[in-house]
file start_1.cif (mmCIF, C-alpha atoms)
data_data
loop_
_atom_site.group_PDB
_atom_site.id
_atom_site.type_symbol
_atom_site.label_atom_id
_atom_site.label_comp_id
_atom_site.auth_asym_id
_atom_site.auth_seq_id
_atom_site.Cartn_x
_atom_site.Cartn_y
_atom_site.Cartn_z
ATOM 1 C CA MET X 1 6.706 113.524 -19.140
ATOM 2 C CA ARG X 2 9.546 111.700 -17.600
ATOM 3 C CA GLN X 3 7.271 110.006 -15.218
ATOM 4 C CA GLU X 4 4.964 109.110 -18.066
ATOM 5 C CA ARG X 5 7.838 107.570 -19.967
ATOM 6 C CA SER X 6 8.996 105.713 -16.916
ATOM 7 C CA SER X 7 5.461 104.389 -16.475
ATOM 8 C CA GLN X 8 5.359 103.296 -20.105
ATOM 9 C CA ASN X 9 8.712 101.549 -19.760
ATOM 10 C CA LEU X 10 7.503 99.863 -16.609
ATOM 11 C CA VAL X 11 4.322 98.719 -18.405
ATOM 12 C CA ILE X 12 6.413 97.418 -21.343
ATOM 13 C CA VAL X 13 8.733 95.537 -18.991
ATOM 14 C CA LEU X 14 5.762 94.114 -17.071
ATOM 15 C CA LEU X 15 4.110 93.051 -20.340
ATOM 16 C CA ALA X 16 7.354 91.428 -21.488
ATOM 17 C CA ILE X 17 7.605 89.574 -18.169
ATOM 18 C CA ALA X 18 3.941 88.542 -18.475
ATOM 19 C CA VAL X 19 4.476 87.247 -22.032
ATOM 20 C CA LEU X 20 7.614 85.403 -20.888
ATOM 21 C CA ALA X 21 5.716 83.926 -17.922
ATOM 22 C CA MET X 22 2.854 82.844 -20.191
ATOM 23 C CA THR X 23 5.317 81.225 -22.605
ATOM 24 C CA VAL X 24 6.999 79.308 -19.793
ATOM 25 C CA GLY X 25 3.600 78.388 -18.389
ATOM 26 C CA PHE X 26 2.381 77.174 -21.775
ATOM 27 C CA ALA X 27 5.556 75.136 -22.243
ATOM 28 C CA THR X 28 4.916 73.579 -18.857
ATOM 29 C CA TYR X 29 1.472 72.462 -20.029
ATOM 30 C CA SER X 30 2.499 71.127 -23.443
ATOM 31 C CA GLN X 31 3.699 67.633 -24.160
ATOM 32 C CA ASN X 32 5.178 65.853 -27.174
ATOM 33 C CA LEU X 33 4.216 62.198 -27.649
ATOM 34 C CA THR X 34 6.579 60.027 -29.669
ATOM 35 C CA ILE X 35 6.034 56.548 -31.039
ATOM 36 C CA THR X 36 8.989 54.440 -32.116
ATOM 37 C CA GLY X 37 9.167 50.819 -33.040
ATOM 38 C CA THR X 38 10.909 48.150 -35.012
ATOM 39 C CA ALA X 39 9.500 45.900 -37.674
ATOM 40 C CA THR X 40 10.921 42.583 -38.787
ATOM 41 C CA PHE X 41 9.980 41.308 -42.213
ATOM 42 C CA LYS X 42 10.160 37.537 -42.356
ATOM 43 C CA LYS X 43 11.582 35.847 -45.379
ATOM 44 C CA ALA X 44 8.657 34.769 -47.540
ATOM 45 C CA SER X 45 8.798 31.795 -49.863
ATOM 46 C CA TRP X 46 6.676 30.705 -52.799
ATOM 47 C CA SER X 47 6.538 26.967 -53.407
ATOM 48 C CA VAL X 48 3.472 25.290 -54.865
ATOM 49 C CA GLN X 49 4.482 21.812 -56.003
ATOM 50 C CA PHE X 50 3.467 18.215 -56.506
ATOM 51 C CA ASP X 51 3.926 15.790 -53.640
ATOM 52 C CA ASP X 52 5.718 12.913 -55.373
ATOM 53 C CA THR X 53 4.766 10.464 -52.623
ATOM 54 C CA THR X 54 1.013 10.588 -53.272
ATOM 55 C CA TRP X 55 0.546 8.977 -56.735
ATOM 56 C CA ASP X 56 -2.502 6.685 -56.571
ATOM 57 C CA GLU X 57 -4.040 4.788 -59.525
ATOM 58 C CA SER X 58 -6.507 2.732 -57.503
ATOM 59 C CA GLY X 59 -9.528 4.315 -59.229
ATOM 60 C CA SER X 60 -8.575 2.896 -62.640
ATOM 61 C CA SER X 61 -10.395 0.093 -64.428
ATOM 62 C CA THR X 62 -9.247 -3.438 -63.668
ATOM 63 C CA GLY X 63 -6.134 -4.229 -65.684
ATOM 64 C CA VAL X 64 -5.424 -0.583 -66.550
ATOM 65 C CA SER X 65 -2.372 1.049 -65.029
ATOM 66 C CA SER X 66 0.311 3.380 -66.192
ATOM 67 C CA SER X 67 3.316 1.761 -67.814
ATOM 68 C CA ALA X 68 5.376 4.694 -66.565
ATOM 69 C CA HIS X 69 4.897 7.776 -64.486
ATOM 70 C CA ASN X 70 7.255 10.425 -63.207
ATOM 71 C CA VAL X 71 6.486 13.133 -60.665
ATOM 72 C CA GLY X 72 8.744 16.125 -60.204
ATOM 73 C CA THR X 73 8.114 19.235 -58.171
ATOM 74 C CA THR X 74 6.322 21.124 -60.972
ATOM 75 C CA ALA X 75 5.639 18.480 -63.629
ATOM 76 C CA ALA X 76 4.132 15.002 -63.718
ATOM 77 C CA THR X 77 3.985 12.635 -66.676
ATOM 78 C CA TYR X 78 2.290 9.324 -67.315
ATOM 79 C CA THR X 79 1.933 6.752 -70.093
ATOM 80 C CA VAL X 80 -1.110 4.522 -70.234
ATOM 81 C CA THR X 81 -2.772 2.233 -72.775
ATOM 82 C CA LEU X 82 -6.544 1.916 -72.778
ATOM 83 C CA ASN X 83 -7.434 -1.312 -74.571
ATOM 84 C CA LYS X 84 -11.194 -1.132 -75.065
ATOM 85 C CA PRO X 85 -14.088 1.313 -74.840
ATOM 86 C CA GLY X 86 -15.080 1.846 -71.237
ATOM 87 C CA ASP X 87 -11.534 1.543 -69.859
ATOM 88 C CA VAL X 88 -10.767 4.308 -67.376
ATOM 89 C CA PHE X 89 -7.425 5.486 -66.051
ATOM 90 C CA THR X 90 -7.443 7.758 -63.032
ATOM 91 C CA PHE X 91 -4.754 8.927 -60.717
ATOM 92 C CA ASP X 92 -4.667 11.124 -57.664
ATOM 93 C CA LEU X 93 -1.757 13.400 -56.955
ATOM 94 C CA ASP X 94 -1.466 15.954 -54.181
ATOM 95 C CA VAL X 95 -0.502 19.566 -54.794
ATOM 96 C CA LYS X 96 1.075 21.073 -51.707
ATOM 97 C CA ASN X 97 1.826 24.629 -50.748
ATOM 98 C CA ALA X 98 5.269 24.241 -49.213
ATOM 99 C CA GLY X 99 5.768 28.013 -49.105
ATOM 100 C CA THR X 100 4.817 30.662 -46.575
ATOM 101 C CA ILE X 101 2.446 32.564 -48.868
ATOM 102 C CA ASP X 102 -1.145 31.458 -49.475
ATOM 103 C CA ALA X 103 -1.678 30.465 -53.111
ATOM 104 C CA LYS X 104 -4.818 30.742 -55.194
ATOM 105 C CA LEU X 105 -5.711 28.423 -58.074
ATOM 106 C CA THR X 106 -7.128 30.706 -60.768
ATOM 107 C CA GLU X 107 -7.269 28.540 -63.883
ATOM 108 C CA ILE X 108 -7.132 24.929 -65.079
ATOM 109 C CA ASP X 109 -6.344 24.276 -68.753
ATOM 110 C CA LEU X 110 -6.828 20.865 -70.356
ATOM 111 C CA THR X 111 -5.169 20.138 -73.688
ATOM 112 C CA ASN X 112 -5.418 17.280 -76.179
ATOM 113 C CA SER X 113 -2.945 17.035 -79.056
ATOM 114 C CA GLN X 114 -5.358 15.072 -81.214
ATOM 115 C CA SER X 115 -8.905 15.757 -82.205
ATOM 116 C CA SER X 116 -9.725 12.502 -80.489
ATOM 117 C CA ALA X 117 -12.734 13.669 -78.500
ATOM 118 C CA ALA X 118 -14.668 10.823 -80.058
ATOM 119 C CA TYR X 119 -12.336 8.376 -78.286
ATOM 120 C CA ILE X 120 -11.136 10.125 -75.144
ATOM 121 C CA SER X 121 -12.827 11.909 -72.282
ATOM 122 C CA HIS X 122 -10.344 13.901 -70.194
ATOM 123 C CA SER X 123 -11.130 15.688 -66.915
ATOM 124 C CA VAL X 124 -9.616 16.962 -63.675
ATOM 125 C CA THR X 125 -11.250 17.052 -60.264
ATOM 126 C CA TYR X 126 -9.976 19.610 -57.754
ATOM 127 C CA ASP X 127 -11.547 20.321 -54.373
ATOM 128 C CA GLY X 128 -14.638 18.302 -55.291
ATOM 129 C CA VAL X 129 -15.298 20.110 -58.595
ATOM 130 C CA THR X 130 -14.746 18.376 -61.956
ATOM 131 C CA TYR X 131 -13.375 20.436 -64.849
ATOM 132 C CA SER X 132 -13.543 19.134 -68.420
ATOM 133 C CA ASN X 133 -13.520 22.254 -70.606
ATOM 134 C CA ALA X 134 -10.345 23.277 -72.405
ATOM 135 C CA THR X 135 -10.031 26.417 -70.264
ATOM 136 C CA ASN X 136 -11.586 26.781 -66.845
ATOM 137 C CA ALA X 137 -10.976 30.327 -65.606
ATOM 138 C CA ASN X 138 -11.943 32.324 -62.512
ATOM 139 C CA ILE X 139 -11.636 29.359 -60.183
ATOM 140 C CA ASN X 140 -10.278 31.233 -57.117
ATOM 141 C CA LYS X 141 -9.605 28.314 -54.772
ATOM 142 C CA VAL X 142 -7.145 29.168 -51.986
ATOM 143 C CA LEU X 143 -4.411 26.713 -51.026
ATOM 144 C CA ALA X 144 -3.156 27.947 -47.663
ATOM 145 C CA ALA X 145 0.537 27.805 -46.830
ATOM 146 C CA GLY X 146 1.386 24.337 -45.504
ATOM 147 C CA ASN X 147 -1.770 22.683 -46.885
ATOM 148 C CA SER X 148 -2.333 20.161 -49.698
ATOM 149 C CA GLU X 149 -5.137 19.478 -52.160
ATOM 150 C CA THR X 150 -5.699 16.315 -54.193
ATOM 151 C CA VAL X 151 -5.936 16.560 -57.969
ATOM 152 C CA THR X 152 -7.656 13.643 -59.735
ATOM 153 C CA VAL X 153 -6.971 13.197 -63.441
ATOM 154 C CA ARG X 154 -9.393 10.942 -65.334
ATOM 155 C CA VAL X 155 -8.906 9.594 -68.854
ATOM 156 C CA GLU X 156 -11.607 7.384 -70.356
ATOM 157 C CA TYR X 157 -11.766 5.439 -73.604
ATOM 158 C CA VAL X 158 -15.277 6.625 -74.396
ATOM 159 C CA PRO X 159 -17.805 3.885 -75.061
ATOM 160 C CA ALA X 160 -18.763 5.096 -78.549
ATOM 161 C CA ALA X 161 -20.644 3.896 -81.569
ATOM 162 C CA ALA X 162 -18.720 1.365 -83.659
ATOM 163 C CA ASN X 163 -18.119 3.869 -86.463
ATOM 164 C CA ALA X 164 -16.315 6.223 -84.032
ATOM 165 C CA LEU X 165 -13.761 3.620 -82.971
ATOM 166 C CA PRO X 166 -10.277 3.700 -84.497
ATOM 167 C CA SER X 167 -10.339 1.233 -87.366
ATOM 168 C CA SER X 168 -6.908 0.972 -88.941
ATOM 169 C CA ALA X 169 -4.393 2.142 -86.337
ATOM 170 C CA ASP X 170 -4.040 2.918 -82.672
ATOM 171 C CA VAL X 171 -4.703 6.521 -81.721
ATOM 172 C CA THR X 172 -2.186 8.208 -79.458
ATOM 173 C CA ALA X 173 -3.101 11.477 -77.829
ATOM 174 C CA THR X 174 -0.950 13.690 -75.640
ATOM 175 C CA LEU X 175 -3.118 15.054 -72.878
ATOM 176 C CA GLY X 176 -2.137 17.939 -70.646
ATOM 177 C CA VAL X 177 -3.319 19.708 -67.546
ATOM 178 C CA THR X 178 -2.021 23.083 -66.407
ATOM 179 C CA LEU X 179 -2.907 24.366 -62.944
ATOM 180 C CA GLN X 180 -2.241 28.106 -62.615
ATOM 181 C CA TYR X 181 -1.534 29.366 -59.096
ATOM 182 C CA VAL X 182 -0.928 32.979 -58.065
ATOM 183 C CA ASP X 183 -0.205 34.727 -54.780
ATOM 184 C CA ASN X 184 -3.518 34.916 -52.899
ATOM 185 C CA GLY X 185 -2.847 38.587 -52.157
ATOM 186 C CA ILE X 186 -3.010 39.473 -55.848
#

call {"tool": "encode", "arguments": {"input": "start_1.cif", "output": "structure tokens"}}
result
Amino acid sequence: MRQERSSQNLVIVLLAIAVLAMTVGFATYSQNLTITGTATFKKASWSVQFDDTTWDESGSSTGVSSSAHNVGTTAATYTVTLNKPGDVFTFDLDVKNAGTIDAKLTEIDLTNSQSSAAYISHSVTYDGVTYSNATNANINKVLAAGNSETVTVRVEYVPAAANALPSSADVTATLGVTLQYVDNGI
């Protein structure tokens, strides 16, 4: 029995050595792969604005020009007098994306403070498309970072029937255009 026990102990020791050898052997044939890196996030800037150096009224009727205009980075104003039916006042103004994020024009709104549609036609042309409705949604025109696009505003004293013309007083209308830009990633 002693010899049997000694044989069992020897078998247990040999099995332990075999398991230990297999563990070491397995460890020899295993490998961990590691990936490390660094990421730099650049400062992003959002700046869609008017280019105040691009005002151009050359498309207006002869003798029609603005008596005043002012162009800031996010607002432009003008004052013009249209003397007779058929007179047209147009101006071009560039919108530039001076930021680092692509912008997307999603909507153009045109407003008129007077119900003077019988006298005034008001429209905006952007990227070759003319918009004249009060609200023009779902436009989706991308203005890439660093690029510019020309906006043309057109105001016309509509050639109308004589009974539609102002008879007793001048008509003054405040016209507005709102261009809505969002981050192109949205």

call {"tool": "resolve_selection", "arguments": {"input": "start_1.cif", "expression": "the PyMOL selection byres ((chain X and resi 139) around 10)", "output": "list in words"}}
result
Lys104, Leu105, Thr106, Glu107, Ile108, Asn136, Ala137, Asn138, Asn140, Lys141, Val142 and Gln180 of chain X

call {"tool": "residues_around", "arguments": {"input": "start_1.cif", "residues": "stretch 69-84 of chain X", "least_positions_apart": "2", "cutoff": "8 Å", "atoms": "only C-alpha atoms", "output": "list in words"}}
result
Val48, Gln49, Phe50, Asp51, Asp52, Val64, Ser65, Ser66, Ser67, Gly86, Asp87, Val88, Phe89, Glu156 and Tyr157 of chain X

call {"tool": "closest_atom_pairs", "arguments": {"input": "start_1.cif", "of": "stretch 87-114 of chain X", "to": "stretch 144-147 of chain X", "cutoff": "7 Å", "atoms": "all atoms listed in the file", "output": "tab-separated table"}}
result
residue	atom	partner	partner_atom	distance
X:Lys96	CA	X:Asn147	CA	5.8
X:Asn97	CA	X:Ala145	CA	5.2
X:Ala98	CA	X:Gly146	CA	5.4
X:Gly99	CA	X:Ala145	CA	5.7
X:Thr100	CA	X:Ala145	CA	5.2
X:Ile101	CA	X:Ala145	CA	5.5
X:Asp102	CA	X:Ala144	CA	4.4
X:Ala103	CA	X:Ala144	CA	6.2

call {"tool": "write_last_selection", "arguments": {"input": "start_1.cif", "atoms": "C-alpha atoms", "output": "compact mmCIF listing (two decimals), in the coordinates of the input"}}
result
# COMPACT_ATOMS: atom_id res chain seq x y z
CA LYS X 96 1.08 21.07 -51.71
CA ASN X 97 1.83 24.63 -50.75
CA ALA X 98 5.27 24.24 -49.21
CA GLY X 99 5.77 28.01 -49.10
CA THR X 100 4.82 30.66 -46.58
CA ILE X 101 2.45 32.56 -48.87
CA ASP X 102 -1.14 31.46 -49.48
CA ALA X 103 -1.68 30.46 -53.11

call {"tool": "atom_distance", "arguments": {"input": "start_1.cif", "atom1": "atom CA of X:Ser47", "atom2": "atom CA of X:Thr111"}}
result
24.4 Å

call {"tool": "atom_distance", "arguments": {"input": "start_1.cif", "atom1": "atom CA of X:Val95", "atom2": "atom CA of X:Tyr119"}}
result
28.6 Å

call {"tool": "resolve_selection", "arguments": {"input": "start_1.cif", "expression": "the PyMOL selection byres ((chain X and resi 110) around 8)", "output": "VMD selection string"}}
result
chain X and resid 108 to 109 111 to 112 122 to 123 132 to 135 175 to 178

call {"tool": "resolve_selection", "arguments": {"input": "start_1.cif", "expression": "the PyMOL selection byres ((chain X and resi 57) around 6)", "output": "PyMOL selection string"}}
result
chain X and resi 56+58-60+90-91

call {"tool": "atom_distance", "arguments": {"input": "start_1.cif", "atom1": "atom CA of X:Leu179", "atom2": "atom CA of X:Asp127"}}
result
12.8 Å

call {"tool": "residues_around", "arguments": {"input": "start_1.cif", "residues": "X:Thr150", "least_positions_apart": "5", "cutoff": "7 Å", "atoms": "all atoms listed in the file", "output": "MDAnalysis selection string"}}
result
chainID X and resid 92:95 126

call {"tool": "axis_aligned_box", "arguments": {"input": "start_1.cif", "around": "stretch 152-159 of chain X", "padding_each_side": "8 Å", "output": "JSON"}}
result
{"center_x": -12.4, "center_y": 8.8, "center_z": -67.4, "size_x": 26.8, "size_y": 25.8, "size_z": 31.3}

call {"tool": "closest_residue", "arguments": {"input": "start_1.cif", "among": "X:Thr62, X:Gln8, X:Thr152, X:Ser45", "to": "X:Val129", "atoms": "all atoms listed in the file"}}
result
X:Thr152
